[in-house]
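Asker: Contents of coords_3.txt (compact mmCIF, C-alpha atoms and all ligand atoms) are given next:
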# COMPACT_ATOMS: atom_id res chain seq x y z
CA MET A 378 -13.83 44.55 -5.61
CA ASN A 379 -16.04 43.15 -2.88
CA SER A 380 -16.59 39.46 -2.28
CA ASP A 381 -20.02 39.45 -3.94
CA GLU A 382 -18.50 40.66 -7.16
CA ARG A 383 -15.81 38.02 -6.85
CA ASP A 384 -18.39 35.25 -6.48
CA ASN A 385 -20.40 36.63 -9.41
CA PRO A 386 -17.98 37.92 -12.00
CA SER A 387 -19.35 40.64 -14.22
CA PRO A 388 -20.39 39.82 -17.84
CA SER A 389 -17.07 41.24 -19.08
CA THR A 390 -15.27 38.34 -17.34
CA PRO A 391 -17.39 35.37 -18.45
CA ASP A 392 -15.13 32.64 -17.08
CA THR A 393 -16.37 30.90 -13.95
CA ASN A 394 -13.73 30.26 -11.33
CA SER A 395 -13.80 26.57 -12.28
CA ASP A 396 -13.09 27.41 -15.92
CA LEU A 397 -10.14 29.50 -14.78
CA ALA A 398 -8.74 26.56 -12.86
CA ALA A 399 -9.20 24.14 -15.77
CA GLU A 400 -7.17 26.54 -17.95
CA THR A 401 -4.32 26.81 -15.44
CA ASP A 402 -1.29 24.56 -15.10
CA ALA A 403 -0.25 23.66 -11.56
CA VAL A 404 3.50 23.64 -10.92
CA ILE A 405 4.89 22.29 -7.65
CA LEU A 406 8.49 22.91 -6.62
CA VAL A 407 9.74 19.81 -4.84
CA GLY A 408 13.47 19.87 -5.60
CA GLY A 409 14.81 21.15 -2.26
CA LYS A 410 17.05 19.07 -0.01
CA GLY A 411 14.98 19.68 3.11
CA THR A 412 18.07 20.10 5.29
CA ARG A 413 16.11 21.37 8.29
CA LEU A 414 14.27 18.08 8.50
CA ARG A 415 17.34 15.86 8.52
CA PRO A 416 17.72 12.99 9.19
CA LEU A 417 14.12 12.35 8.01
CA THR A 418 15.03 13.74 4.59
CA ASN A 419 18.18 11.59 4.27
CA SER A 420 16.05 8.90 2.66
CA ILE A 421 12.73 10.59 1.78
CA PRO A 422 12.37 14.00 0.10
CA LYS A 423 10.44 16.43 2.32
CA PRO A 424 7.25 16.56 0.22
CA MET A 425 7.03 12.74 0.36
CA LEU A 426 7.29 12.40 4.14
CA PRO A 427 4.11 10.91 5.59
CA VAL A 428 1.83 13.54 7.09
CA ALA A 429 -1.57 12.57 8.45
CA GLY A 430 -1.40 9.18 6.76
CA TYR A 431 -0.29 10.25 3.25
CA PRO A 432 2.84 11.63 1.62
CA PHE A 433 2.50 15.35 2.27
CA LEU A 434 2.39 16.10 -1.46
CA GLN A 435 -0.76 13.99 -1.84
CA HIS A 436 -2.72 16.41 0.36
CA LEU A 437 -1.59 19.29 -1.86
CA LEU A 438 -2.40 17.38 -5.05
CA ALA A 439 -5.88 16.66 -3.71
CA ARG A 440 -6.44 20.35 -3.04
CA ILE A 441 -5.26 21.22 -6.53
CA ARG A 442 -7.63 18.64 -8.01
CA GLU A 443 -10.48 19.87 -5.83
CA ALA A 444 -9.92 23.41 -7.12
CA GLY A 445 -10.27 22.13 -10.70
CA MET A 446 -6.69 22.06 -11.99
CA THR A 447 -5.80 18.75 -13.61
CA HIS A 448 -2.42 19.21 -15.28
CA VAL A 449 0.41 19.22 -12.76
CA VAL A 450 4.14 19.62 -13.37
CA LEU A 451 6.53 18.67 -10.59
CA GLY A 452 9.88 20.47 -10.59
CA THR A 453 12.17 17.87 -9.03
CA SER A 454 15.86 17.55 -8.28
CA PHE A 455 16.84 15.97 -4.95
CA LYS A 456 15.70 12.30 -4.99
CA ALA A 457 13.75 13.05 -8.16
CA GLU A 458 12.85 9.41 -8.89
CA VAL A 459 10.84 8.96 -5.68
CA PHE A 460 8.00 11.19 -6.90
CA GLU A 461 7.32 9.39 -10.17
CA GLU A 462 7.65 5.98 -8.56
CA HIS A 463 4.85 6.92 -6.19
CA PHE A 464 2.43 8.99 -8.29
CA GLY A 465 3.12 7.68 -11.82
CA ASP A 466 1.08 9.56 -14.42
CA GLY A 467 -1.31 10.80 -11.72
CA SER A 468 -4.38 9.14 -13.23
CA GLU A 469 -5.28 7.43 -9.94
CA LEU A 470 -5.68 10.90 -8.45
CA GLY A 471 -7.63 12.25 -11.42
CA LEU A 472 -4.60 14.25 -12.55
CA GLU A 473 -2.07 14.31 -15.35
CA ILE A 474 1.33 14.61 -13.67
CA GLU A 475 4.58 15.36 -15.48
CA TYR A 476 8.04 15.39 -13.92
CA VAL A 477 10.87 17.73 -14.85
CA VAL A 478 14.26 17.03 -13.28
CA GLU A 479 16.96 19.61 -12.54
CA ASP A 480 20.33 17.84 -12.63
CA SER A 481 21.54 20.25 -10.01
CA PRO A 482 19.02 22.38 -8.09
CA LEU A 483 18.22 25.64 -9.90
CA GLY A 484 16.53 27.33 -6.95
CA THR A 485 12.88 28.29 -6.81
CA GLY A 486 13.01 30.74 -9.77
CA GLY A 487 15.23 28.48 -11.88
CA GLY A 488 12.90 25.59 -11.09
CA ILE A 489 9.90 27.53 -12.40
CA ARG A 490 11.77 28.49 -15.62
CA ASN A 491 12.82 24.89 -16.10
CA VAL A 492 9.23 23.59 -16.49
CA LEU A 493 8.28 26.15 -19.18
CA SER A 494 8.21 23.74 -22.12
CA HIS A 495 5.75 21.51 -20.24
CA LEU A 496 3.14 24.20 -19.65
CA ARG A 497 -0.06 24.00 -21.70
CA HIS A 498 -1.80 27.22 -20.73
CA ASP A 499 -1.03 30.93 -20.55
CA ARG A 500 -1.22 30.83 -16.80
CA ALA A 501 0.42 28.67 -14.14
CA MET A 502 -0.21 28.41 -10.43
CA ILE A 503 3.07 27.73 -8.63
CA PHE A 504 3.28 26.02 -5.25
CA ASN A 505 6.11 25.47 -2.82
CA GLY A 506 5.90 21.76 -2.12
CA ASP A 507 6.08 22.11 1.64
CA ILE A 508 3.27 24.55 2.41
CA LEU A 509 0.16 23.28 4.10
CA GLY A 510 -2.50 25.82 3.24
CA GLY A 511 -6.21 26.39 3.33
CA THR A 512 -6.53 29.32 0.98
CA ASP A 513 -9.23 29.31 -1.70
CA LEU A 514 -7.12 28.60 -4.79
CA LYS A 515 -9.89 29.54 -7.21
CA ALA A 516 -10.26 32.93 -5.52
CA VAL A 517 -6.52 33.55 -5.99
CA LEU A 518 -6.91 32.81 -9.70
CA ARG A 519 -9.94 35.09 -9.91
CA THR A 520 -7.98 37.96 -8.31
CA HIS A 521 -5.17 37.38 -10.80
CA VAL A 522 -7.44 37.52 -13.83
CA ASP A 523 -9.56 40.44 -12.60
CA ASN A 524 -6.39 42.49 -12.07
CA ALA A 525 -4.97 41.44 -15.45
CA ALA A 526 -1.82 40.74 -13.43
CA ASP A 527 1.51 39.45 -14.71
CA VAL A 528 2.12 37.75 -11.38
CA SER A 529 -0.11 37.36 -8.34
CA LEU A 530 1.07 36.28 -4.93
CA HIS A 531 -0.92 34.71 -2.16
CA LEU A 532 -0.20 36.98 0.82
CA LEU A 533 -1.01 35.93 4.33
CA ARG A 534 -1.71 38.27 7.22
CA VAL A 535 0.18 37.11 10.33
CA ALA A 536 0.66 38.37 13.87
CA ASP A 537 4.46 38.51 13.66
CA PRO A 538 5.76 38.98 10.12
CA ARG A 539 9.43 39.56 11.05
CA ALA A 540 10.70 36.09 10.20
CA PHE A 541 9.17 36.10 6.73
CA GLY A 542 9.31 37.93 3.42
CA CYS A 543 6.95 40.90 3.78
CA VAL A 544 5.01 42.23 0.82
CA PRO A 545 3.27 45.59 1.24
CA THR A 546 0.52 46.37 -1.28
CA ALA A 547 -1.31 49.52 -2.35
CA GLU A 548 -5.05 49.88 -1.79
CA ASP A 549 -5.81 48.27 -5.16
CA GLY A 550 -3.66 45.24 -4.26
CA ARG A 551 -0.64 46.17 -6.36
CA VAL A 552 2.64 45.02 -4.82
CA GLU A 553 4.87 47.89 -3.68
CA ALA A 554 7.99 46.13 -2.35
CA PHE A 555 9.60 42.88 -1.26
CA LEU A 556 11.19 43.05 2.16
CA GLU A 557 13.12 39.99 3.39
CA LYS A 558 12.96 39.41 7.14
CA ALA A 559 12.65 43.12 8.01
CA GLU A 560 13.13 44.22 11.66
CA ASP A 561 10.25 46.68 11.58
CA PRO A 562 8.04 45.64 8.65
CA PRO A 563 5.47 48.17 7.44
CA THR A 564 2.88 45.44 6.83
CA ASP A 565 1.65 42.18 8.35
CA GLN A 566 1.37 40.56 4.90
CA ILE A 567 3.84 37.79 4.17
CA ASN A 568 4.66 35.86 1.02
CA ALA A 569 2.80 32.56 1.46
CA GLY A 570 4.69 30.66 -1.25
CA CYS A 571 1.88 30.29 -3.80
CA TYR A 572 1.86 32.35 -6.98
CA VAL A 573 0.11 32.75 -10.31
CA PHE A 574 2.42 33.54 -13.24
CA GLN A 575 1.59 34.49 -16.80
CA ARG A 576 3.57 32.29 -19.15
CA ASP A 577 5.53 35.15 -20.77
CA ILE A 578 6.85 36.16 -17.35
CA ILE A 579 8.15 32.63 -16.76
CA GLU A 580 9.79 32.85 -20.16
CA SER A 581 11.66 35.98 -19.05
CA ILE A 582 13.43 34.19 -16.16
CA PRO A 583 17.03 33.34 -17.15
CA GLU A 584 17.39 29.72 -18.24
CA ASN A 585 19.67 27.05 -16.70
CA ARG A 586 20.84 29.31 -13.91
CA VAL A 587 20.31 29.26 -10.18
CA VAL A 588 17.63 31.88 -9.53
CA SER A 589 15.55 32.57 -6.43
CA VAL A 590 11.97 33.61 -7.14
CA GLU A 591 11.76 35.55 -3.86
CA ARG A 592 15.13 37.30 -3.95
CA ASP A 593 15.78 37.67 -7.70
CA VAL A 594 12.65 37.31 -9.82
CA PHE A 595 10.09 39.33 -7.84
CA PRO A 596 12.28 42.38 -7.10
CA ASP A 597 13.45 42.40 -10.73
CA LEU A 598 9.88 42.29 -12.08
CA LEU A 599 8.91 45.14 -9.77
CA VAL A 600 11.79 47.32 -10.96
CA LYS A 601 10.80 46.61 -14.56
CA GLY A 602 7.25 47.84 -13.90
CA HIS A 603 5.38 44.55 -14.31
CA ARG A 604 1.90 44.15 -12.82
CA LEU A 605 2.36 42.28 -9.54
CA TYR A 606 -0.68 41.92 -7.29
CA GLY A 607 -1.39 40.36 -3.92
CA HIS A 608 -4.32 38.17 -2.92
CA VAL A 609 -4.55 38.70 0.83
CA ASP A 610 -6.30 36.43 3.32
CA GLN A 611 -5.91 34.81 6.71
CA ALA A 612 -6.49 31.21 5.71
CA TYR A 613 -4.79 28.32 7.49
CA TRP A 614 -1.09 28.27 6.59
CA ARG A 615 2.02 26.45 7.77
CA ASP A 616 5.42 25.87 6.21
CA LEU A 617 6.33 22.28 7.13
CA GLY A 618 10.08 22.89 6.89
CA THR A 619 11.08 22.24 10.52
CA PRO A 620 10.34 19.30 12.84
CA ASP A 621 8.16 21.50 15.05
CA ASP A 622 6.04 22.73 12.13
CA PHE A 623 5.98 19.23 10.68
CA VAL A 624 4.35 17.68 13.75
CA ARG A 625 2.00 20.63 14.24
CA GLY A 626 0.93 20.56 10.59
CA SER A 627 0.24 16.83 10.69
CA SER A 628 -1.70 17.23 13.93
CA ASP A 629 -3.75 20.09 12.45
CA LEU A 630 -4.65 17.90 9.47
CA VAL A 631 -5.72 15.01 11.67
CA ARG A 632 -7.87 17.28 13.85
CA GLY A 633 -9.40 19.05 10.84
CA ILE A 634 -7.86 22.43 11.67
CA ALA A 635 -5.99 22.27 8.37
CA PRO A 636 -8.14 21.16 5.43
CA SER A 637 -7.42 18.12 3.27
CA PRO A 638 -9.91 16.44 0.95
CA LEU A 639 -8.14 13.15 1.78
CA LEU A 640 -9.28 13.24 5.40
CA ALA A 641 -12.83 14.51 4.99
CA GLY A 642 -15.04 12.82 7.59
CA ARG A 643 -12.11 11.15 9.36
CA ASN A 644 -10.91 13.96 11.62
CA GLY A 645 -10.32 13.28 15.30
CA GLU A 646 -7.73 13.09 18.10
CA ALA A 647 -5.68 10.41 16.35
CA LEU A 648 -5.37 8.72 12.97
CA VAL A 649 -4.42 5.10 13.47
CA ASP A 650 -3.72 2.70 10.64
CA GLU A 651 -5.92 -0.36 10.94
CA SER A 652 -2.89 -2.68 10.92
CA ALA A 653 -1.37 -0.97 13.99
CA ALA A 654 -1.64 -2.74 17.36
CA ILE A 655 -2.59 -0.50 20.25
CA ALA A 656 -2.39 -2.07 23.73
CA GLY A 657 -4.94 -1.37 26.43
CA GLY A 658 -4.44 1.84 28.35
CA ALA A 659 -2.31 3.44 25.63
CA LEU A 660 -3.29 7.05 25.05
CA LEU A 661 -3.17 8.60 21.57
CA LEU A 662 -4.06 12.26 21.41
CA GLY A 663 -3.38 15.72 19.98
CA GLY A 664 -3.79 14.70 16.35
CA THR A 665 -1.24 11.88 16.57
CA VAL A 666 -0.72 9.60 13.57
CA ILE A 667 0.17 5.92 13.97
CA GLY A 668 1.48 4.21 10.83
CA ARG A 669 1.08 0.75 9.34
CA GLY A 670 2.07 -2.15 11.53
CA ALA A 671 3.17 0.06 14.43
CA GLU A 672 2.86 -1.32 17.96
CA ILE A 673 2.03 0.86 20.94
CA GLY A 674 2.53 -0.73 24.37
CA ALA A 675 0.32 -0.65 27.45
CA GLY A 676 0.09 2.70 29.16
CA ALA A 677 2.20 4.48 26.52
CA ARG A 678 1.15 8.06 25.77
CA VAL A 679 1.66 9.54 22.29
CA ASP A 680 0.69 13.18 21.92
CA THR A 681 0.85 15.45 18.82
CA SER A 682 3.32 13.11 17.12
CA VAL A 683 3.89 11.45 13.79
CA VAL A 684 4.73 7.76 14.13
CA PHE A 685 5.77 6.18 10.82
CA ASP A 686 5.23 2.57 9.72
CA GLY A 687 6.56 -0.33 11.76
CA VAL A 688 7.52 1.71 14.83
CA GLU A 689 7.44 0.09 18.25
CA ILE A 690 6.68 2.22 21.30
CA GLU A 691 6.96 0.11 24.41
CA ALA A 692 4.91 0.14 27.59
CA GLY A 693 4.82 3.30 29.63
CA ALA A 694 6.82 5.41 27.16
CA THR A 695 5.74 9.00 26.48
CA VAL A 696 6.21 10.64 23.11
CA GLU A 697 5.22 14.27 22.73
CA ARG A 698 5.61 16.48 19.62
CA CYS A 699 7.97 13.95 18.03
CA VAL A 700 8.53 12.38 14.65
CA VAL A 701 9.48 8.71 14.89
CA ALA A 702 10.65 7.35 11.54
CA ALA A 703 9.97 3.90 10.11
CA GLY A 704 11.06 0.88 12.07
CA ALA A 705 12.38 2.80 15.07
CA ARG A 706 11.89 1.44 18.59
CA ILE A 707 11.20 3.48 21.70
CA GLY A 708 11.94 1.49 24.86
CA ALA A 709 9.74 1.08 27.90
CA ARG A 710 9.29 4.20 30.03
CA ALA A 711 11.44 6.34 27.73
CA HIS A 712 10.33 9.97 27.64
CA LEU A 713 10.63 11.93 24.40
CA ARG A 714 9.59 15.51 23.83
CA ASP A 715 10.31 17.64 20.71
CA ALA A 716 12.59 14.97 19.25
CA VAL A 717 13.17 13.35 15.87
CA VAL A 718 14.05 9.65 15.81
CA GLY A 719 15.55 8.43 12.53
CA GLU A 720 14.69 5.27 10.62
CA GLY A 721 15.44 2.06 12.49
CA ALA A 722 16.96 3.88 15.49
CA VAL A 723 16.52 2.51 18.99
CA VAL A 724 15.90 4.69 22.02
CA GLY A 725 16.59 2.44 25.00
CA ALA A 726 14.26 1.98 27.94
CA ARG A 727 14.08 4.94 30.36
CA CYS A 728 16.06 7.27 28.06
CA GLU A 729 15.03 10.91 27.98
CA LEU A 730 15.16 13.03 24.83
CA GLN A 731 14.03 16.63 24.63
CA GLY A 732 14.36 20.05 23.03
CA GLY A 733 15.19 19.33 19.40
CA ALA A 734 17.17 16.10 19.90
CA ARG A 735 17.69 14.15 16.68
CA VAL A 736 18.66 10.49 16.70
CA TRP A 737 20.32 9.49 13.44
CA PRO A 738 19.02 6.44 11.52
CA GLY A 739 20.17 3.11 12.87
CA VAL A 740 21.72 4.57 16.05
CA ALA A 741 20.96 2.62 19.23
CA LEU A 742 20.88 4.40 22.58
CA PRO A 743 21.28 1.77 25.32
CA ASP A 744 18.71 1.39 28.09
CA GLY A 745 18.99 4.35 30.47
CA GLY A 746 21.85 5.69 28.33
CA LEU A 747 20.72 9.31 27.96
CA ARG A 748 18.98 11.16 30.75
CA PHE A 749 18.39 14.69 31.99
CA SER A 750 17.95 13.80 35.61
CA SER A 751 19.59 11.58 38.22
CA ASP A 752 16.39 9.69 39.05
CA VAL A 753 16.56 6.04 38.14
P1 LIG B 1 15.68 23.43 3.67
O1 LIG B 1 16.95 22.87 3.12
O2 LIG B 1 15.33 22.81 5.00
O3 LIG B 1 15.64 24.93 3.71
O4 LIG B 1 14.47 22.98 2.72
P2 LIG B 1 14.27 23.13 1.12
O5 LIG B 1 15.48 22.64 0.43
O6 LIG B 1 13.00 22.42 0.78
O7 LIG B 1 14.14 24.69 0.87
P3 LIG B 1 12.87 25.61 1.01
O8 LIG B 1 12.05 25.17 2.19
O9 LIG B 1 13.32 27.01 0.99
O10 LIG B 1 12.08 25.33 -0.33
C1 LIG B 1 10.77 25.73 -0.56
C2 LIG B 1 10.17 24.82 -1.63
O11 LIG B 1 10.88 24.98 -2.86
C3 LIG B 1 10.26 23.35 -1.27
O12 LIG B 1 9.07 22.73 -1.69
C4 LIG B 1 11.46 22.85 -2.04
O13 LIG B 1 11.31 21.48 -2.42
C5 LIG B 1 11.44 23.74 -3.27
N1 LIG B 1 12.79 24.01 -3.75
C6 LIG B 1 13.81 24.60 -3.07
N2 LIG B 1 14.89 24.68 -3.85
C7 LIG B 1 14.56 24.15 -5.05
C8 LIG B 1 15.25 23.95 -6.29
O14 LIG B 1 16.43 24.28 -6.43
N3 LIG B 1 14.56 23.38 -7.32
C9 LIG B 1 13.26 22.98 -7.20
N4 LIG B 1 12.65 22.40 -8.23
N5 LIG B 1 12.58 23.13 -6.04
C10 LIG B 1 13.22 23.72 -4.99
Mind converting the file's structure to structure tokens?

Answerer:
Amino acid sequence: MNSDERDNPSPSTPDTNSDLAAETDAVILVGGKGTRLRPLTNSIPKPMLPVAGYPFLQHLLARIREAGMTHVVLGTSFKAEVFEEHFGDGSELGLEIEYVVEDSPLGTGGGIRNVLSHLRHDRAMIFNGDILGGTDLKAVLRTHVDNAADVSLHLLRVADPRAFGCVPTAEDGRVEAFLEKAEDPPTDQINAGCYVFQRDIIESIPENRVVSVERDVFPDLLVKGHRLYGHVDQAYWRDLGTPDDFVRGSSDLVRGIAPSPLLAGRNGEALVDESAAIAGGALLLGGTVIGRGAEIGAGARVDTSVVFDGVEIEAGATVERCVVAAGARIGARAHLRDAVVGEGAVVGARCELQGGARVWPGVALPDGGLRFSSDV
């Protein structure tokens, strides 16, 4: 099918893409522990960490709403209560949100099975709760319906697919295999973590058991001869699972490289909360975010970083590609690069942090207490 046909479905498929979305449940998996983002995820589940001024999940919810889906089921487990406390019934976002809790995490496949009784339609679009994406969700649904697929997967073409799950497809889009982190993959198409499932396929996943959708469900469906199709594109995509991807994803949102309906018309070099105090000569760039009540001292330079609420960055400090959690303090002339600073931690004046350093919440590094050079 060419793109013209996709935009103008033939009379035999009367649904518009918007109708398709309205008749699709959205399911978001948010039950993971987010271990790679510790210590940020010690207190806040990964999908609720602030990214470009909002809990990450809110950007995804806005994209789901924009595509025309209104019923959303969150599959929660780790810190389950945090989600409902924040989003309630979803009405403020124009959504109806339901929450389903796994007492112990059931994995991605088990999590999908666990929401079955809350689904209202024959079709559900499933999202990993940590993917920042720009794909056209309605087009994915259209591909699914036009192929009369049992399951469709959003597949992304990337330059180096080796670190991902690769999914080769036939010319007609039908999935041929699932290859986890192959050395020499036969395709540049990777599993982008967004799927459309027919309800009866969800029903066939074993109940109350730990099941991985990538490792168990998909290969099993393929062996059983089900109709699995790929929707391939090269849209913006980033998995926010590591500190490096987290800061880059936030920066891309702020600069408008990654789309979010929440930021429309507000893109720029930095997103600064109006209650933050920025001293003269401070430099904020690279899609940096400065949270509520934060204070940035004279001559400080904050580049491609996410600075949570109430953080203090003192005069002359530099902070590059870092996440600084709520209430932390970065002392004067400290230099931080590729670091994560936990809630309420203190990095003393003139300290140097680099290369993946993580300061645990509440820890205080004394002035000049950690350096990579002998200069004073
Ligand atoms: P890491 O521990 O850093 O790997 O992060 P994670 O626990 O979030 O795992 P991963 O990034 O592989 O998860 C992908 C998505 O699936 C995330 O949005 C998770 O919240 C979600 N997820 C992972 N495991 C489960 C689970 O057992 N149940 C549910 N409901 N969601 C899960």

Asker: To box ligand LIG 1 (chain B), take all atoms listed in the file, fit an axis-aligned box, add 3 Å on each side, and give centre and edge lengths in Å to one decimal, as AutoDock Vina command-line options.

Answerer:
--center_x 13.0 --center_y 24.2 --center_z -1.6 --size_x 13.9 --size_y 11.5 --size_z 19.2

Asker: Got a sec: who's within 6 Å of Ala692 (chain A), counting only C-alpha atoms, leaving out chain neighbours fewer than 6 positions off, as a ChimeraX atom specification?

Answerer: /A:674-677,709

Asker: Kindly give the distance, in Å, that separates atom N5 of ligand LIG 1 (chain B) and CA of Arg698 (chain A), rounded to a single decimal.

Answerer: 27.4 Å

Asker: Just the number, please: distance in Å from CA of Gly663 (chain A) to CA of Ala647 (chain A), one decimal.

Answerer: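 Distance between the two atoms: 6.8 Å.
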
Asker: Go through A:Asp610, A:Asp622, A:Glu548, A:Glu553 and flag the residue nearest ligand LIG 1 (chain B), using all atoms listed in the file for the distances.

Answerer: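 Checking each candidate against ligand LIG 1 (chain B), we get A:Asp622 as the closest.
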
Asker: Using only C-alpha atoms, which of the listed residues (A:Thr393, A:Ser454, A:Ser652, A:Thr665) sits closest to Ala516 (chain A)?

Answerer: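 Closest to Ala516 (chain A), using only C-alpha atoms: A:Thr393.
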
Asker: Name the closest residue to ligand LIG 1 (chain B) among the candidates A:Ile503, A:Ala403, A:Val449, A:Val718; distances are taken between atoms, counting all atoms listed in the file.

Answerer: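 Ranked by minimum distance to ligand LIG 1 (chain B), first place goes to A:Ile503.
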
Asker: Calculate how many Å separate CA of Arg714 (chain A) from CA of Gly732 (chain A), rounding to one decimal.

Answerer: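 If I compute the distance from CA of Arg714 (chain A) to CA of Gly732 (chain A), I get 6.6 Å.
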
Asker: What does the list of residues within 8 Å of ligand LIG 1 (chain B) look like if you count all atoms listed in the file, written as a PyMOL selection string?

Answerer: chain A and resi 405-414+422-424+451-454+478-479+481-489+504-508+570+587+616+618-619

Asker: Could you take the residues named above and write them with C-alpha atoms, as a CSV table (one decimal), in the frame of the given file?

Answerer:
chain,number,residue,atom,x,y,z
A,405,ILE,CA,4.9,22.3,-7.6
A,406,LEU,CA,8.5,22.9,-6.6
A,407,VAL,CA,9.7,19.8,-4.8
A,408,GLY,CA,13.5,19.9,-5.6
A,409,GLY,CA,14.8,21.2,-2.3
A,410,LYS,CA,17.0,19.1,0.0
A,411,GLY,CA,15.0,19.7,3.1
A,412,THR,CA,18.1,20.1,5.3
A,413,ARG,CA,16.1,21.4,8.3
A,414,LEU,CA,14.3,18.1,8.5
A,422,PRO,CA,12.4,14.0,0.1
A,423,LYS,CA,10.4,16.4,2.3
A,424,PRO,CA,7.2,16.6,0.2
A,451,LEU,CA,6.5,18.7,-10.6
A,452,GLY,CA,9.9,20.5,-10.6
A,453,THR,CA,12.2,17.9,-9.0
A,454,SER,CA,15.9,17.6,-8.3
A,478,VAL,CA,14.3,17.0,-13.3
A,479,GLU,CA,17.0,19.6,-12.5
A,481,SER,CA,21.5,20.2,-10.0
A,482,PRO,CA,19.0,22.4,-8.1
A,483,LEU,CA,18.2,25.6,-9.9
A,484,GLY,CA,16.5,27.3,-7.0
A,485,THR,CA,12.9,28.3,-6.8
A,486,GLY,CA,13.0,30.7,-9.8
A,487,GLY,CA,15.2,28.5,-11.9
A,488,GLY,CA,12.9,25.6,-11.1
A,489,ILE,CA,9.9,27.5,-12.4
A,504,PHE,CA,3.3,26.0,-5.2
A,505,ASN,CA,6.1,25.5,-2.8
A,506,GLY,CA,5.9,21.8,-2.1
A,507,ASP,CA,6.1,22.1,1.6
A,508,ILE,CA,3.3,24.6,2.4
A,570,GLY,CA,4.7,30.7,-1.2
A,587,VAL,CA,20.3,29.3,-10.2
A,616,ASP,CA,5.4,25.9,6.2
A,618,GLY,CA,10.1,22.9,6.9
A,619,THR,CA,11.1,22.2,10.5

Asker: Find the residues around Gln566 (chain A) up to 6 Å (all atoms listed in the file counted), leave out those fewer than 4 positions away in its own chain, and share them as a short mmCIF file (atom, residue, chain, number, x, y, z; two decimals) with C-alpha atoms, keeping the file's coordinate frame.

Answerer:
data_model
loop_
_atom_site.label_atom_id
_atom_site.label_comp_id
_atom_site.auth_asym_id
_atom_site.auth_seq_id
_atom_site.Cartn_x
_atom_site.Cartn_y
_atom_site.Cartn_z
CA LEU A 532 -0.20 36.98 0.82
CA LEU A 533 -1.01 35.93 4.33
CA ARG A 534 -1.71 38.27 7.22
CA CYS A 543 6.95 40.90 3.78
CA VAL A 544 5.01 42.23 0.82
#

Asker: Please identify all polymer residues within 8 Å of region 683-686 of chain A, counting only C-alpha atoms, omitting same-chain residues fewer than 3 positions from it, and present them as a compact mmCIF listing (two decimals) with C-alpha atoms, in the frame of the given file.

Answerer:
# COMPACT_ATOMS: atom_id res chain seq x y z
CA PRO A 427 4.11 10.91 5.59
CA VAL A 428 1.83 13.54 7.09
CA ALA A 429 -1.57 12.57 8.45
CA VAL A 624 4.35 17.68 13.75
CA SER A 627 0.24 16.83 10.69
CA THR A 665 -1.24 11.88 16.57
CA VAL A 666 -0.72 9.60 13.57
CA ILE A 667 0.17 5.92 13.97
CA GLY A 668 1.48 4.21 10.83
CA ARG A 669 1.08 0.75 9.34
CA GLY A 670 2.07 -2.15 11.53
CA ALA A 671 3.17 0.06 14.43
CA ARG A 698 5.61 16.48 19.62
CA CYS A 699 7.97 13.95 18.03
CA VAL A 700 8.53 12.38 14.65
CA VAL A 701 9.48 8.71 14.89
CA ALA A 702 10.65 7.35 11.54
CA ALA A 703 9.97 3.90 10.11
CA GLY A 704 11.06 0.88 12.07

Asker: Between A:Gln435, A:Met446, A:Asp499, A:Pro743, which is the closest to Glu469 (chain A) once you count all atoms listed in the file?

Answerer: A:Gln435

Asker: When you count all atoms listed in the file, which of these residues is closest to Gly626 (chain A): A:Gly664, A:Gly687, A:Pro545, A:Gly745?

Answerer: A:Gly664

Asker: Give me, as a tab-separated table (two decimals) with C-alpha atoms, in the frame of the given file, all polymer residues having an atom no more than 12 Å from His603 (chain A), counting only C-alpha atoms and skipping those fewer than 4 positions away in the same chain.

Answerer:
chain	number	residue	atom	x	y	z
A	525	ALA	CA	-4.97	41.44	-15.45
A	526	ALA	CA	-1.82	40.74	-13.43
A	527	ASP	CA	1.51	39.45	-14.71
A	528	VAL	CA	2.12	37.75	-11.38
A	529	SER	CA	-0.11	37.36	-8.34
A	551	ARG	CA	-0.64	46.17	-6.36
A	552	VAL	CA	2.64	45.02	-4.82
A	553	GLU	CA	4.87	47.89	-3.68
A	574	PHE	CA	2.42	33.54	-13.24
A	575	GLN	CA	1.59	34.49	-16.80
A	577	ASP	CA	5.53	35.15	-20.77
A	578	ILE	CA	6.85	36.16	-17.35
A	581	SER	CA	11.66	35.98	-19.05
A	594	VAL	CA	12.65	37.31	-9.82
A	595	PHE	CA	10.09	39.33	-7.84
A	596	PRO	CA	12.28	42.38	-7.10
A	597	ASP	CA	13.45	42.40	-10.73
A	598	LEU	CA	9.88	42.29	-12.08
A	599	LEU	CA	8.91	45.14	-9.77

Asker: I need the residue nearest Asn419 (chain A) from this list: A:Arg632, A:Gly465, A:Phe455, A:Ala716. Use all atoms listed in the file for the distance.

Answerer: A:Phe455

Asker: Residues within 8 Å of Ile634 (chain A), please, as a list in words. Count only C-alpha atoms; anything in the same chain fewer than 4 positions from it doesn't count.

Answerer: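 Residues near the query, excluding close chain neighbours: Tyr613, Asp629 and Leu630 of chain A.
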